[in-house]
Structures are given as C-alpha cells and as structure tokens.
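Colleague: Structure incoming, see below.
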Amino acid sequence: MHRDHSAASTAPGGPAATAPATGPVGTEPVTKAPATGPATKATPAATGPLAGFTVGVTAARRADELGALLRRRGAAVVHAPALRIVPLADDAELLSATKQLLDHAPALVIATTAIGFRGWVEAAEGWGLGDALLARLRGARLLARGPKVRGAIRAAGLTEEWSPASESLAEVLDRLLDEGVEGSRIAVQLHGEPLPGFVESLRAAGAEVVGVPVYRWMPPEDLAPLDRLLDATVARALDAVTFTSAPAAASLLDRAERRGMREELLDALRHDVLPACVGPVTALPLEAHDIPTSQPERFRLGPLVQLLTHELPGRVRPLPVAGRRLEIRGHAVLVDGELRAVPPAGMALLRALARRPGWVVPRADLLRSLPGAGRDEHAVETAMARLRTALGAPKLIQTVVKRGYRLALDPSSDAKYADT
C-alpha cells in the first residue's frame, strides 16, 4: 500500500486535532444516508467496517459487483461510470485489423484483457470470420498478460505459450526484447487505450506491430452522474473514490478539466478523499498529477475492498468522550461501535467540536460551520439539540454557559487510547 494515514492523538491544551478525512463540514453524500431522527439500534450490515463511509465507484464494468461488496461491509455507494465501452461489432477499426491479420498471419499475438480477447473472437464470429481468426491464432505464438486472459484463451480452444507472474506488460516487453523481435509481425490487443510505450519499443526493436483495438473507451453518454460524483469529491462528501481502469481515472480528470475544476479535484484527491486503485497501471493517470494512491497487493476487486476496510477506518481517530468511544465518519457516527445517523447540520457541528476535542467552541464559530445558517445563533441551538438526539448520548456534548459547547473528552484520554 502506498499511503500512511495514521493520526496523532490530541488532548486539551495540545495542538488542534486533525479533522476527519471527509473534509469541510456540512457536506452531504450524493446517495441518501440512513434516515435521521432518534437513534435506533443499528442493523448488522450498518455496523460493518465501512459503516458511515461513502465510496464513489467509477467502473463501467462489474460496478454492481464492486458496489455489492462495499455495501455488504456497510458503505454507502455512489456509482457514476466514468466511461463506456464501444460495442465491438460496431467498431470498423477492429474489423480492419482482423482482416489484416487474416491476410497476413502474425508470428506472435499478445492478449492483454480477458473481456477484450473474448469480445474479439465473438465479434469475428458475428462477421463470419470466427473460424478463420481462430485458425490464425492457433498458428501463432500466444502470450497472455495474466490468468484471466489465459482463461479466455483456453476457453476459445487455444493454448498460450507464456504468461507473466506479475500480470505486467512491462515483463512481457522485457521478455520479447531479450528474445529479439526484429522482422517479427506482432499483433497486440489494445485494452481500451493506446499503448504507445509498449508498441513503440517493439517497433524500435524492428518488429512490425498491428494494434488490435478490441474495445474503445468513450465518455459516458449521460454525464450527469459523473458530474455529481465530481462535485461530491470536490466537496469532500465522499471518503474514497475507486478506480478499476486507467481510462476511468483519466476520464474523471478530463471532465474536471472541462468544467474548470481540475485544481479543486487534485487538491481533494491529494489530501482528503482516498483514491483507491485496483493496481499500478490503473493509478498511472492519477500519479502523473502527483496524486498518491492506495493499491492492494493483488489486483482484484476483493482485495481492493479489503484495502478500503483497512484504510478508511484507519483515517479516523477515535475519541474517548464521556465514557464512550466516538468515531466521526463520513456521513454518520459510531458510538461504542453502534452506527448513529446524524443530519448534515449535526455533522457540521460535531466536526467543528472534534477539531479541538475538550476545548470550548464559541457559538459564533459553530454558526459559521453550519451550511447556510445565516446570522441567527438560535440555529446552533436547534442543530445541537438534534445532534444530541441523534447520538443517543446527550452527555457527549457539554454546554458551557454564555460561551459555547465542548466535547466532554475523558481525562487522560491519550493514555486510555494510546494503543487504539
């Protein structure tokens, strides 16, 4: 993993506490948080490791699977596909590349994705060229980028010659350059975007390379969900955004550029909203903009979700308050491990108090933290009453007469939770 999100503890009289990673107070998730009002006992799903957090999903494929894994662990999910895939049978470039390979057989074929390889064979069958393509592939050396591609090759009745353990095209390239490719005709299945470094290196070494654009990433036809996800990211209403392909990451950055929000998005992803990528290739567009990313050791959806279940709770410092353990998460609060839904105004007040736990925060400062509250300090009293009701433990927040409010931080709290 590529980040360290540990937080130092803070006691009254010490430096100001770091606010939770969700950023500015008062933001509201795009999807609905649990209903507000008097707190009730949380359901088992709500008390999962991601309870209270909101995660953005940019995937076009397998988004339902990823969303289900996140929800099963208690997260609220905002789905906005950052791209779409052009149907294979409608792609004239794929047909042209296929006919080139049928007319002049390749010596080597490099398959990079399972969906792309399967789609190529299926598209060829639709054009009446399926048997001819399989015959050409059977007569060539087949290299598979990883186990999923290897499975797709074998499902088509073919056998790969080799597949790298790292699932990295860099390892494929190193092997080919070590072998020597001068004079070889090589077909490279592109995985939704050009591979200029890979293809150019082969051509520089003397190979004739035919790119096979099996599918193509395009911006989504309906940009509204992507714009809402972008707005939520910039507003810190999301705790994390997941990326399962490099084109999705590039598409979000491009959309932000077109809307004049590029710097705001970069700042949110660098500091407050966790960018979680399924692997290093996916992370490249983000890291090119100096955005540190988190990645699982195994490049799969399950490990990606496990990464989030570790990192997001680790970004929240538990507070010992009035004999309770308080965790302020994205759109809800855990009190002794029980999820409590809190309205946006209450979350704004709670975050303002948590920035300096145990210190008195004046009503005027709390008023400024409320979204659209105006100048009437009575709004603070109303929101505070609702917050105490939502928390189900009124003594967590103390009223300091004529001054303001404070979190009732336990004495010796640093020692009490030193190993938390």
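All residue names refer to the structure tokens as shown: chains lettered A, B, ... in order, residues numbered from 1 in each chain, ligands numbered from 1 in order.
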Going by DSSP on the backbone, which bits of region 218-408 of chain A are alpha helix (DSSP H)? Write them as an MDAnalysis selection string, please.
Modeller: chainID A and resid 224:234 246:258 262:271 280:287 301:314 344:354 363:369 378:391
Colleague: Which residue gives the smallest distance to Tyr405 (chain A) among A:Pro49, A:Met347, A:His191, A:Gly358, with only C-alpha atoms counted?
Modeller: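 Checking each candidate against Tyr405 (chain A), we get A:Gly358 as the closest.
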Colleague: Write out, as a tab-separated table, each residue of region 291-377 of chain A that has an atom at most 8 Å from region 389-394 of chain A, together with the closest pair of atoms and their distance in Å to one decimal, counting only C-alpha atoms, rows going by chain and rising number.
Modeller:
```
residue	atom	partner	partner_atom	distance
A:Val333	CA	A:Leu391	CA	7.7
A:Val335	CA	A:Leu391	CA	7.3
A:Arg340	CA	A:Leu391	CA	6.0
A:Ala341	CA	A:Ala390	CA	6.5
A:Val342	CA	A:Ala390	CA	5.7
```
Colleague: Using DSSP assignments from the backbone, pull out every residue in region 161-326 of chain A that falls under strand (DSSP E or B) and give it to me as an MDAnalysis selection string.
Modeller: chainID A and resid 162 185:192 208:218 240:243 274:277 294 319:321 324:326
Colleague: Which polymer residues have any atom within 6 Å of an atom of Ala97 (chain A), counting only C-alpha atoms, with same-chain residues fewer than 3 positions away left out, as a PyMOL selection string?
Modeller: chain A and resi 94+100+212
Colleague: Residues as selected, all heavy atoms, written as a PDB file, in the first residue's frame, can you do that?
Modeller:
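Saved to result-v3.pdb:
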```pdb
ATOM      1  N   LEU A  94     -11.619  -2.458 -35.561  1.00  0.00           N
ATOM      2  CA  LEU A  94     -11.384  -3.845 -35.176  1.00  0.00           C
ATOM      3  C   LEU A  94     -11.550  -4.770 -36.373  1.00  0.00           C
ATOM      4  O   LEU A  94     -10.739  -5.685 -36.583  1.00  0.00           O
ATOM      5  CB  LEU A  94     -12.348  -4.254 -34.058  1.00  0.00           C
ATOM      6  CG  LEU A  94     -12.300  -5.717 -33.642  1.00  0.00           C
ATOM      7  CD1 LEU A  94     -10.914  -6.110 -33.152  1.00  0.00           C
ATOM      8  CD2 LEU A  94     -13.352  -6.016 -32.571  1.00  0.00           C
ATOM      9  N   GLN A 100      -6.608  -7.618 -41.669  1.00  0.00           N
ATOM     10  CA  GLN A 100      -5.158  -7.533 -41.909  1.00  0.00           C
ATOM     11  C   GLN A 100      -4.450  -8.784 -41.421  1.00  0.00           C
ATOM     12  O   GLN A 100      -3.567  -9.325 -42.099  1.00  0.00           O
ATOM     13  CB  GLN A 100      -4.570  -6.326 -41.175  1.00  0.00           C
ATOM     14  CG  GLN A 100      -4.843  -4.974 -41.798  1.00  0.00           C
ATOM     15  CD  GLN A 100      -4.093  -3.882 -41.045  1.00  0.00           C
ATOM     16  OE1 GLN A 100      -2.878  -3.987 -40.817  1.00  0.00           O
ATOM     17  NE2 GLN A 100      -4.813  -2.847 -40.651  1.00  0.00           N
ATOM     18  N   VAL A 212      -4.629  -4.099 -32.276  1.00  0.00           N
ATOM     19  CA  VAL A 212      -5.987  -4.642 -32.387  1.00  0.00           C
ATOM     20  C   VAL A 212      -6.866  -3.929 -31.362  1.00  0.00           C
ATOM     21  O   VAL A 212      -6.860  -4.273 -30.180  1.00  0.00           O
ATOM     22  CB  VAL A 212      -5.999  -6.163 -32.139  1.00  0.00           C
ATOM     23  CG1 VAL A 212      -7.420  -6.713 -32.298  1.00  0.00           C
ATOM     24  CG2 VAL A 212      -5.041  -6.871 -33.079  1.00  0.00           C
TER      25      VAL A 212
END
```
Colleague: With a distance cut-off of 7 Å and only C-alpha atoms, select the neighbouring residues of region 237-246 of chain A, excluding the residue or stretch itself and same-chain residues fewer than 4 positions from it, and output the selection as a list in words.
Modeller: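 Residues near the query, excluding close chain neighbours: Ala21, Thr22, Thr27, Glu28, Pro29, Phe53, Thr54, Val55, Gly56, Val57, Thr58, Ala59, Ala232, Thr233, Ala250, Val273, Leu274, Pro275, Ala276, Cys277, Val278, Val281, Thr282, Ala283, Leu284, Pro285 and Gly330 of chain A.
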Colleague: Can those selected residues be exported to a file as a short mmCIF file (atom, residue, chain, number, x, y, z; two decimals), in the first residue's frame so that it contains N, CA, C and O atoms?
Modeller:
```
data_model
loop_
_atom_site.label_atom_id
_atom_site.label_comp_id
_atom_site.auth_asym_id
_atom_site.auth_seq_id
_atom_site.Cartn_x
_atom_site.Cartn_y
_atom_site.Cartn_z
N ALA A 21 -11.18 12.75 7.60
CA ALA A 21 -10.72 12.87 6.23
C ALA A 21 -11.79 13.32 5.26
O ALA A 21 -11.53 13.50 4.10
N THR A 22 -13.04 13.47 5.72
CA THR A 22 -14.09 13.82 4.80
C THR A 22 -14.11 15.30 4.46
O THR A 22 -14.90 15.72 3.63
N THR A 27 -21.10 18.81 4.34
CA THR A 27 -21.35 18.22 3.04
C THR A 27 -22.24 17.01 3.19
O THR A 27 -22.21 16.32 4.19
N GLU A 28 -23.03 16.74 2.17
CA GLU A 28 -23.99 15.66 2.24
C GLU A 28 -23.71 14.69 1.11
O GLU A 28 -23.53 15.09 -0.03
N PRO A 29 -23.64 13.37 1.40
CA PRO A 29 -23.36 12.40 0.35
C PRO A 29 -24.40 12.46 -0.75
O PRO A 29 -25.55 12.84 -0.54
N PHE A 53 -19.20 5.43 6.00
CA PHE A 53 -18.36 5.97 4.92
C PHE A 53 -19.12 5.93 3.59
O PHE A 53 -19.97 5.07 3.37
N THR A 54 -18.78 6.87 2.70
CA THR A 54 -19.36 6.92 1.36
C THR A 54 -18.25 6.74 0.33
O THR A 54 -17.24 7.46 0.39
N VAL A 55 -18.43 5.79 -0.57
CA VAL A 55 -17.39 5.44 -1.54
C VAL A 55 -17.93 5.65 -2.95
O VAL A 55 -19.02 5.18 -3.29
N GLY A 56 -17.17 6.36 -3.78
CA GLY A 56 -17.52 6.54 -5.18
C GLY A 56 -16.97 5.39 -6.03
O GLY A 56 -15.85 4.94 -5.83
N VAL A 57 -17.77 4.93 -6.98
CA VAL A 57 -17.38 3.86 -7.90
C VAL A 57 -17.44 4.39 -9.32
O VAL A 57 -18.49 4.83 -9.77
N THR A 58 -16.31 4.39 -10.01
CA THR A 58 -16.24 4.94 -11.37
C THR A 58 -16.29 3.86 -12.44
O THR A 58 -16.24 4.17 -13.62
N ALA A 59 -16.37 2.60 -12.05
CA ALA A 59 -16.28 1.49 -13.01
C ALA A 59 -17.47 1.47 -13.96
O ALA A 59 -18.61 1.77 -13.57
N ALA A 232 -19.27 15.91 -5.63
CA ALA A 232 -19.19 15.32 -4.29
C ALA A 232 -17.75 15.13 -3.85
O ALA A 232 -17.42 15.32 -2.68
N THR A 233 -16.88 14.78 -4.79
CA THR A 233 -15.46 14.61 -4.46
C THR A 233 -14.85 15.94 -4.04
O THR A 233 -14.16 16.04 -3.02
N ALA A 250 -8.47 8.70 -16.04
CA ALA A 250 -8.19 9.77 -17.00
C ALA A 250 -9.47 10.52 -17.36
O ALA A 250 -9.46 11.74 -17.54
N VAL A 273 -9.85 12.95 0.07
CA VAL A 273 -10.61 11.82 -0.47
C VAL A 273 -9.62 10.76 -0.95
O VAL A 273 -8.74 11.05 -1.77
N LEU A 274 -9.75 9.54 -0.46
CA LEU A 274 -8.80 8.47 -0.75
C LEU A 274 -9.01 7.92 -2.17
O LEU A 274 -10.07 7.39 -2.47
N PRO A 275 -8.01 8.04 -3.07
CA PRO A 275 -8.11 7.40 -4.38
C PRO A 275 -7.60 5.95 -4.26
O PRO A 275 -6.42 5.73 -4.01
N ALA A 276 -8.49 4.99 -4.43
CA ALA A 276 -8.13 3.58 -4.31
C ALA A 276 -8.17 2.94 -5.70
O ALA A 276 -9.21 2.92 -6.35
N CYS A 277 -7.02 2.46 -6.15
CA CYS A 277 -6.88 1.90 -7.50
C CYS A 277 -6.66 0.40 -7.42
O CYS A 277 -5.97 -0.08 -6.51
N VAL A 278 -7.19 -0.33 -8.39
CA VAL A 278 -7.07 -1.77 -8.36
C VAL A 278 -5.65 -2.24 -8.62
O VAL A 278 -5.29 -3.36 -8.26
N VAL A 281 -1.16 0.05 -12.92
CA VAL A 281 -1.48 0.58 -14.25
C VAL A 281 -2.66 1.53 -14.16
O VAL A 281 -2.66 2.62 -14.75
N THR A 282 -3.67 1.14 -13.39
CA THR A 282 -4.84 2.00 -13.19
C THR A 282 -4.45 3.32 -12.56
O THR A 282 -5.04 4.37 -12.86
N ALA A 283 -3.46 3.30 -11.68
CA ALA A 283 -3.07 4.50 -10.93
C ALA A 283 -2.27 5.51 -11.75
O ALA A 283 -2.12 6.66 -11.32
N LEU A 284 -1.74 5.11 -12.89
CA LEU A 284 -0.81 5.97 -13.63
C LEU A 284 -1.36 7.36 -13.94
O LEU A 284 -0.66 8.36 -13.74
N PRO A 285 -2.60 7.51 -14.46
CA PRO A 285 -3.08 8.88 -14.75
C PRO A 285 -3.14 9.76 -13.51
O PRO A 285 -2.93 10.97 -13.60
N GLY A 330 -17.80 9.56 7.59
CA GLY A 330 -18.22 10.45 6.51
C GLY A 330 -19.59 11.05 6.69
O GLY A 330 -19.76 12.26 6.65
#
```
